[in-house]
Amino acid sequence: MMMTAESNADRARVLFVDDEPRILIAMKALFRNTYEVFTANSGDAALDILRDNDVDVVVSDQRMPQMTGVEFLRSAKRLRPRAIRVLLTGYSDLSAILDAINDGEIFRYINKPWANADLRATIADAVKASEVDCEPELVDDEVGTEAEAGSSEAASQPAAEAQTGGPGVLVLDDDEPTRTALHRVLSQERAVYTAQNLDQALDILERQSVGVLVTDLTVDGDNVSTLLQALRQHHPSLVAIVLSAHADAGQSIELINHGQIYRFLNKPVGEGLLRGSINLAMRRHEVLLRNPQQTLRLVAENTAPPPPEKDKRGVFKRIGRLFGLTA
């Protein structure tokens, strides 16, 4: 086990976790003049550091013996919920990426090999995000999601909320049976709006109060990444869940870094998991509304690509008009 630190009480604390010594040496050389740097060569060693130190940012490799990066980050979230989590790996492992979204709730995904300038910018963003204390209620909502989401108690909690006129759920999917099924399951608890394309979705967002967006990766031939990027910029309290039968590693990384999605669920999804995930997402939305500073912990990558030329509907501009004055 290896644990080291470069001490400076006035600096942000960043923990790097990797089983390759050369990576840890490179990280210390790159950041020791900017931050107080901790290093660990295993998940267990890193957890020991977290027990004794209030770390601001945790950067972990994914493929490590005994404990994967996602497994470590899941434990790190419970131990130090304020710390911002970043996953660093040389493998586009789809399963690990989806676990990082659903269990680790990571701030960024960084590919090896990295560009030093990009890595510095990402760590700087993470440090800035860590300056906002994590709302305890937000942590309580997120820890143990799988168990809670599958429970009948979680599924039934907001049953009375449908009577309050609170924020609803927008389902964006071009498959009519999917829209019908989701409406049937979710409308028992709160208002549910459905759209089969981006234009309809934007019309609903303009007219209705929406707290959670449930969308497929591609809708009516359009990649929803542009929509999610724009919503993250202009409507940061809206919580996005992707529900799809097809997952792509590159697109999933983009959803993490640019869309900051809350969950990725595979079709077909069980009713208990779906309802529980929506309930947790709605509670997260409510926390973000009450505590707008919490959205700073979810800020999207500032190097997001510009709107694609094929974005003929002007999604970014339209969302800017809808939310720009109030976001």
# chains A, B, ... in the order shown; residues from 1 in each chain; ligands from 1
>>> residues_around(residues="Ala129 of chain A", least_positions_apart="5", cutoff="8 Å", atoms="only C-alpha atoms", output="PyMOL selection string")
chain A and resi 84+296-299
>>> write_last_selection(atoms="N, CA and C atoms", output="short mmCIF file (atom, residue, chain, number, x, y, z; two decimals), in the first residue's frame")
data_model
loop_
_atom_site.label_atom_id
_atom_site.label_comp_id
_atom_site.auth_asym_id
_atom_site.auth_seq_id
_atom_site.Cartn_x
_atom_site.Cartn_y
_atom_site.Cartn_z
N ILE A 84 -15.63 15.79 -5.41
CA ILE A 84 -16.03 15.62 -6.80
C ILE A 84 -15.26 14.43 -7.37
N LEU A 296 -23.94 24.10 -9.40
CA LEU A 296 -22.53 24.32 -9.72
C LEU A 296 -21.73 23.03 -9.60
N ARG A 297 -22.24 22.07 -8.81
CA ARG A 297 -21.57 20.77 -8.69
C ARG A 297 -21.84 19.88 -9.90
N LEU A 298 -22.75 20.32 -10.77
CA LEU A 298 -23.15 19.51 -11.92
C LEU A 298 -22.85 20.20 -13.24
N VAL A 299 -22.04 21.25 -13.19
CA VAL A 299 -21.81 22.04 -14.39
C VAL A 299 -21.18 21.18 -15.48
#
>>> residues_around(residues="Arg232 of chain A", least_positions_apart="3", cutoff="9 Å", atoms="only C-alpha atoms", output="ChimeraX atom specification")
/A:227-229,235-239,258-261,298-300
>>> closest_residue(among="A:Lys317, A:Ala281, A:Asp173, A:Tyr193", to="Leu231 of chain A", atoms="only C-alpha atoms")
A:Lys317
>>> select_by_dssp(residues="segment 20-146 of chain A", states="helix (DSSP H, G or I)", output="PyMOL selection string")
chain A and resi 21-31+43-52+69-79+94-104+116-130+136-142+145-146
>>> residues_around(residues="Gln200 of chain A", least_positions_apart="5", cutoff="12 Å", atoms="only C-alpha atoms", output="short mmCIF file (atom, residue, chain, number, x, y, z; two decimals) with N, CA, C and O atoms, in the first residue's frame")
data_model
loop_
_atom_site.label_atom_id
_atom_site.label_comp_id
_atom_site.auth_asym_id
_atom_site.auth_seq_id
_atom_site.Cartn_x
_atom_site.Cartn_y
_atom_site.Cartn_z
N LEU A 170 -41.31 14.72 -18.44
CA LEU A 170 -41.42 14.76 -19.90
C LEU A 170 -40.77 13.50 -20.46
O LEU A 170 -39.59 13.25 -20.22
N VAL A 171 -41.55 12.72 -21.21
CA VAL A 171 -41.05 11.52 -21.87
C VAL A 171 -40.85 11.85 -23.34
O VAL A 171 -41.80 12.21 -24.04
N LEU A 172 -39.61 11.74 -23.81
CA LEU A 172 -39.27 12.03 -25.21
C LEU A 172 -38.83 10.74 -25.88
O LEU A 172 -37.75 10.21 -25.59
N ASP A 173 -39.67 10.21 -26.76
CA ASP A 173 -39.37 8.93 -27.42
C ASP A 173 -40.22 8.85 -28.68
O ASP A 173 -41.41 9.19 -28.65
N ASP A 174 -39.64 8.41 -29.79
CA ASP A 174 -40.40 8.32 -31.03
C ASP A 174 -41.16 7.01 -31.17
O ASP A 174 -41.87 6.80 -32.17
N TYR A 193 -45.93 14.27 -19.46
CA TYR A 193 -46.12 14.80 -20.80
C TYR A 193 -45.28 13.96 -21.76
O TYR A 193 -44.18 13.52 -21.41
N THR A 194 -45.78 13.73 -22.96
CA THR A 194 -45.05 12.91 -23.92
C THR A 194 -44.81 13.67 -25.21
O THR A 194 -45.63 14.50 -25.62
N ALA A 195 -43.66 13.40 -25.83
CA ALA A 195 -43.29 14.03 -27.09
C ALA A 195 -42.61 12.99 -27.96
O ALA A 195 -41.86 12.15 -27.46
N LEU A 205 -41.79 22.01 -22.88
CA LEU A 205 -40.93 22.72 -21.93
C LEU A 205 -41.29 24.20 -21.83
O LEU A 205 -41.12 24.83 -20.78
N GLU A 206 -41.80 24.75 -22.93
CA GLU A 206 -42.18 26.15 -22.93
C GLU A 206 -43.48 26.38 -22.16
O GLU A 206 -43.67 27.42 -21.52
N ARG A 207 -44.38 25.38 -22.19
CA ARG A 207 -45.71 25.57 -21.61
C ARG A 207 -45.87 24.99 -20.20
O ARG A 207 -46.69 25.45 -19.42
N GLN A 208 -45.10 23.94 -19.89
CA GLN A 208 -45.34 23.18 -18.67
C GLN A 208 -44.14 23.24 -17.72
O GLN A 208 -43.01 23.49 -18.14
N VAL A 219 -33.99 10.25 -31.17
CA VAL A 219 -35.44 10.41 -31.27
C VAL A 219 -35.77 11.00 -32.64
O VAL A 219 -35.28 12.08 -33.00
N ASP A 220 -36.58 10.29 -33.40
CA ASP A 220 -37.00 10.74 -34.73
C ASP A 220 -35.80 11.12 -35.60
O ASP A 220 -35.82 12.10 -36.33
N ARG A 313 -33.21 22.92 -36.36
CA ARG A 313 -34.27 23.48 -35.53
C ARG A 313 -33.75 24.57 -34.59
O ARG A 313 -34.52 25.23 -33.92
N VAL A 315 -31.88 24.18 -31.74
CA VAL A 315 -32.22 23.75 -30.39
C VAL A 315 -31.57 24.65 -29.34
O VAL A 315 -32.21 25.09 -28.38
#
>>> atom_distance(atom1="atom CA of Val37 of chain A", atom2="atom CA of Phe16 of chain A")
7.6 Å
>>> closest_residue(among="A:Leu47, A:Ala181, A:Ser225, A:Leu87", to="Thr122 of chain A", atoms="only C-alpha atoms")
A:Leu87
>>> closest_atom_pairs(of="segment 29-104 of chain A", to="segment 123-127 of chain A", cutoff="8 Å", atoms="only C-alpha atoms", output="JSON lines")
{"residue": "A:Asp56", "atom": "CA", "partner": "A:Val127", "partner_atom": "CA", "distance": 6.4}
{"residue": "A:Val57", "atom": "CA", "partner": "A:Val127", "partner_atom": "CA", "distance": 6.2}
{"residue": "A:Ile84", "atom": "CA", "partner": "A:Ala126", "partner_atom": "CA", "distance": 6.0}
{"residue": "A:Arg85", "atom": "CA", "partner": "A:Ala126", "partner_atom": "CA", "distance": 7.9}
>>> residues_around(residues="Asn116 of chain A", least_positions_apart="3", cutoff="12 Å", atoms="only C-alpha atoms", output="PyMOL selection string")
chain A and resi 26-27+29-31+110-113+119-123
>>> closest_residue(among="A:Ser130, A:Thr89, A:Asn33, A:Ile97", to="Val58 of chain A", atoms="only C-alpha atoms")
A:Ser130
>>> residues_around(residues="segment 62-76 of chain A", least_positions_apart="5", cutoff="8 Å", atoms="only C-alpha atoms", output="PyMOL selection string")
chain A and resi 18-19+42-44+47+50+81+85+87-89+96+99-100+103-104
>>> write_last_selection(atoms="all heavy atoms", output="compact mmCIF listing (two decimals), in the first residue's frame")
# COMPACT_ATOMS: atom_id res chain seq x y z
N ASP A 18 -4.39 5.05 -8.83
CA ASP A 18 -4.02 4.27 -10.02
C ASP A 18 -3.03 3.20 -9.59
O ASP A 18 -2.18 3.46 -8.73
CB ASP A 18 -3.40 5.18 -11.09
CG ASP A 18 -3.47 4.57 -12.48
OD1 ASP A 18 -2.91 3.47 -12.69
OD2 ASP A 18 -4.09 5.19 -13.36
N ASP A 19 -3.12 2.01 -10.17
CA ASP A 19 -2.21 0.93 -9.79
C ASP A 19 -0.90 1.00 -10.57
O ASP A 19 0.00 0.18 -10.34
CB ASP A 19 -2.87 -0.43 -9.98
CG ASP A 19 -3.24 -0.71 -11.43
OD1 ASP A 19 -3.65 0.24 -12.13
OD2 ASP A 19 -3.14 -1.87 -11.86
N SER A 42 -4.20 1.76 -4.89
CA SER A 42 -5.32 0.81 -4.84
C SER A 42 -6.53 1.50 -4.23
O SER A 42 -6.41 2.54 -3.55
CB SER A 42 -4.96 -0.42 -4.00
OG SER A 42 -4.88 -0.07 -2.62
N GLY A 43 -7.70 0.92 -4.47
CA GLY A 43 -8.90 1.47 -3.89
C GLY A 43 -8.89 1.44 -2.38
O GLY A 43 -9.32 2.40 -1.72
N ASP A 44 -8.40 0.35 -1.80
CA ASP A 44 -8.35 0.25 -0.34
C ASP A 44 -7.46 1.33 0.26
O ASP A 44 -7.81 1.96 1.28
CB ASP A 44 -7.85 -1.14 0.08
CG ASP A 44 -8.89 -2.22 -0.14
OD1 ASP A 44 -10.10 -1.90 -0.07
OD2 ASP A 44 -8.51 -3.38 -0.38
N LEU A 47 -9.24 4.65 0.12
CA LEU A 47 -10.29 4.80 1.13
C LEU A 47 -9.68 5.14 2.49
O LEU A 47 -10.27 5.90 3.28
CB LEU A 47 -11.13 3.52 1.21
CG LEU A 47 -12.02 3.24 -0.01
CD1 LEU A 47 -12.71 1.90 0.13
CD2 LEU A 47 -13.04 4.36 -0.21
N LEU A 50 -9.12 8.79 2.44
CA LEU A 50 -10.37 9.53 2.56
C LEU A 50 -10.91 9.51 3.99
O LEU A 50 -11.56 10.47 4.43
CB LEU A 50 -11.42 8.97 1.60
CG LEU A 50 -11.15 9.19 0.10
CD1 LEU A 50 -12.24 8.55 -0.73
CD2 LEU A 50 -11.05 10.68 -0.21
N PRO A 81 -18.97 12.64 0.51
CA PRO A 81 -19.92 13.05 -0.53
C PRO A 81 -19.60 14.41 -1.15
O PRO A 81 -20.01 14.67 -2.29
CB PRO A 81 -21.26 13.07 0.22
CG PRO A 81 -20.91 13.17 1.67
CD PRO A 81 -19.62 12.44 1.82
N ARG A 85 -15.98 13.58 -8.11
CA ARG A 85 -15.41 12.32 -8.58
C ARG A 85 -15.15 12.35 -10.09
O ARG A 85 -16.02 12.75 -10.87
CB ARG A 85 -16.36 11.16 -8.22
CG ARG A 85 -16.53 10.98 -6.73
CD ARG A 85 -17.64 10.00 -6.39
NE ARG A 85 -18.95 10.48 -6.79
CZ ARG A 85 -19.68 11.35 -6.08
NH1 ARG A 85 -19.23 11.85 -4.95
NH2 ARG A 85 -20.87 11.72 -6.51
N LEU A 87 -13.42 9.88 -13.31
CA LEU A 87 -12.94 8.55 -13.71
C LEU A 87 -11.94 8.71 -14.85
O LEU A 87 -12.21 9.38 -15.85
CB LEU A 87 -14.11 7.68 -14.16
CG LEU A 87 -13.80 6.20 -14.41
CD1 LEU A 87 -13.42 5.51 -13.10
CD2 LEU A 87 -14.99 5.49 -15.04
N LEU A 88 -10.80 8.09 -14.70
CA LEU A 88 -9.70 8.17 -15.68
C LEU A 88 -9.36 6.76 -16.15
O LEU A 88 -9.05 5.89 -15.32
CB LEU A 88 -8.47 8.81 -15.02
CG LEU A 88 -7.19 8.90 -15.84
CD1 LEU A 88 -7.36 9.88 -16.99
CD2 LEU A 88 -6.03 9.34 -14.95
N THR A 89 -9.44 6.52 -17.45
CA THR A 89 -9.18 5.17 -17.92
C THR A 89 -8.76 5.17 -19.39
O THR A 89 -9.11 6.08 -20.14
CB THR A 89 -10.41 4.26 -17.75
OG1 THR A 89 -10.11 2.92 -18.19
CG2 THR A 89 -11.59 4.78 -18.54
N ALA A 96 -18.54 -0.21 -17.63
CA ALA A 96 -17.96 0.65 -16.60
C ALA A 96 -18.47 2.08 -16.73
O ALA A 96 -18.71 2.76 -15.72
CB ALA A 96 -16.43 0.63 -16.70
N ASP A 99 -21.96 2.17 -15.32
CA ASP A 99 -21.88 2.08 -13.86
C ASP A 99 -21.40 3.40 -13.27
O ASP A 99 -21.83 3.80 -12.18
CB ASP A 99 -20.93 0.96 -13.45
CG ASP A 99 -21.54 -0.42 -13.64
OD1 ASP A 99 -22.77 -0.51 -13.81
OD2 ASP A 99 -20.78 -1.41 -13.63
N ALA A 100 -20.49 4.07 -13.98
CA ALA A 100 -19.99 5.35 -13.50
C ALA A 100 -21.11 6.38 -13.44
O ALA A 100 -21.15 7.23 -12.55
CB ALA A 100 -18.86 5.85 -14.40
N ASP A 103 -23.88 4.58 -10.58
CA ASP A 103 -23.41 4.30 -9.22
C ASP A 103 -22.39 5.31 -8.72
O ASP A 103 -22.45 5.76 -7.59
CB ASP A 103 -22.78 2.89 -9.16
CG ASP A 103 -23.81 1.80 -9.44
OD1 ASP A 103 -25.01 2.06 -9.27
OD2 ASP A 103 -23.41 0.69 -9.83
N GLY A 104 -21.43 5.66 -9.56
CA GLY A 104 -20.38 6.57 -9.13
C GLY A 104 -20.77 8.02 -9.25
O GLY A 104 -20.22 8.88 -8.60
>>> atom_distance(atom1="atom CA of Glu105 of chain A", atom2="atom CA of Asp203 of chain A")
29.9 Å
>>> select_by_dssp(residues="segment 8-229 of chain A", states="strand (DSSP E or B)", output="ChimeraX atom specification")
/A:13-17,36-40,57-61,84-89,108-111,168-172,192-195,210-215,218-219,222-223
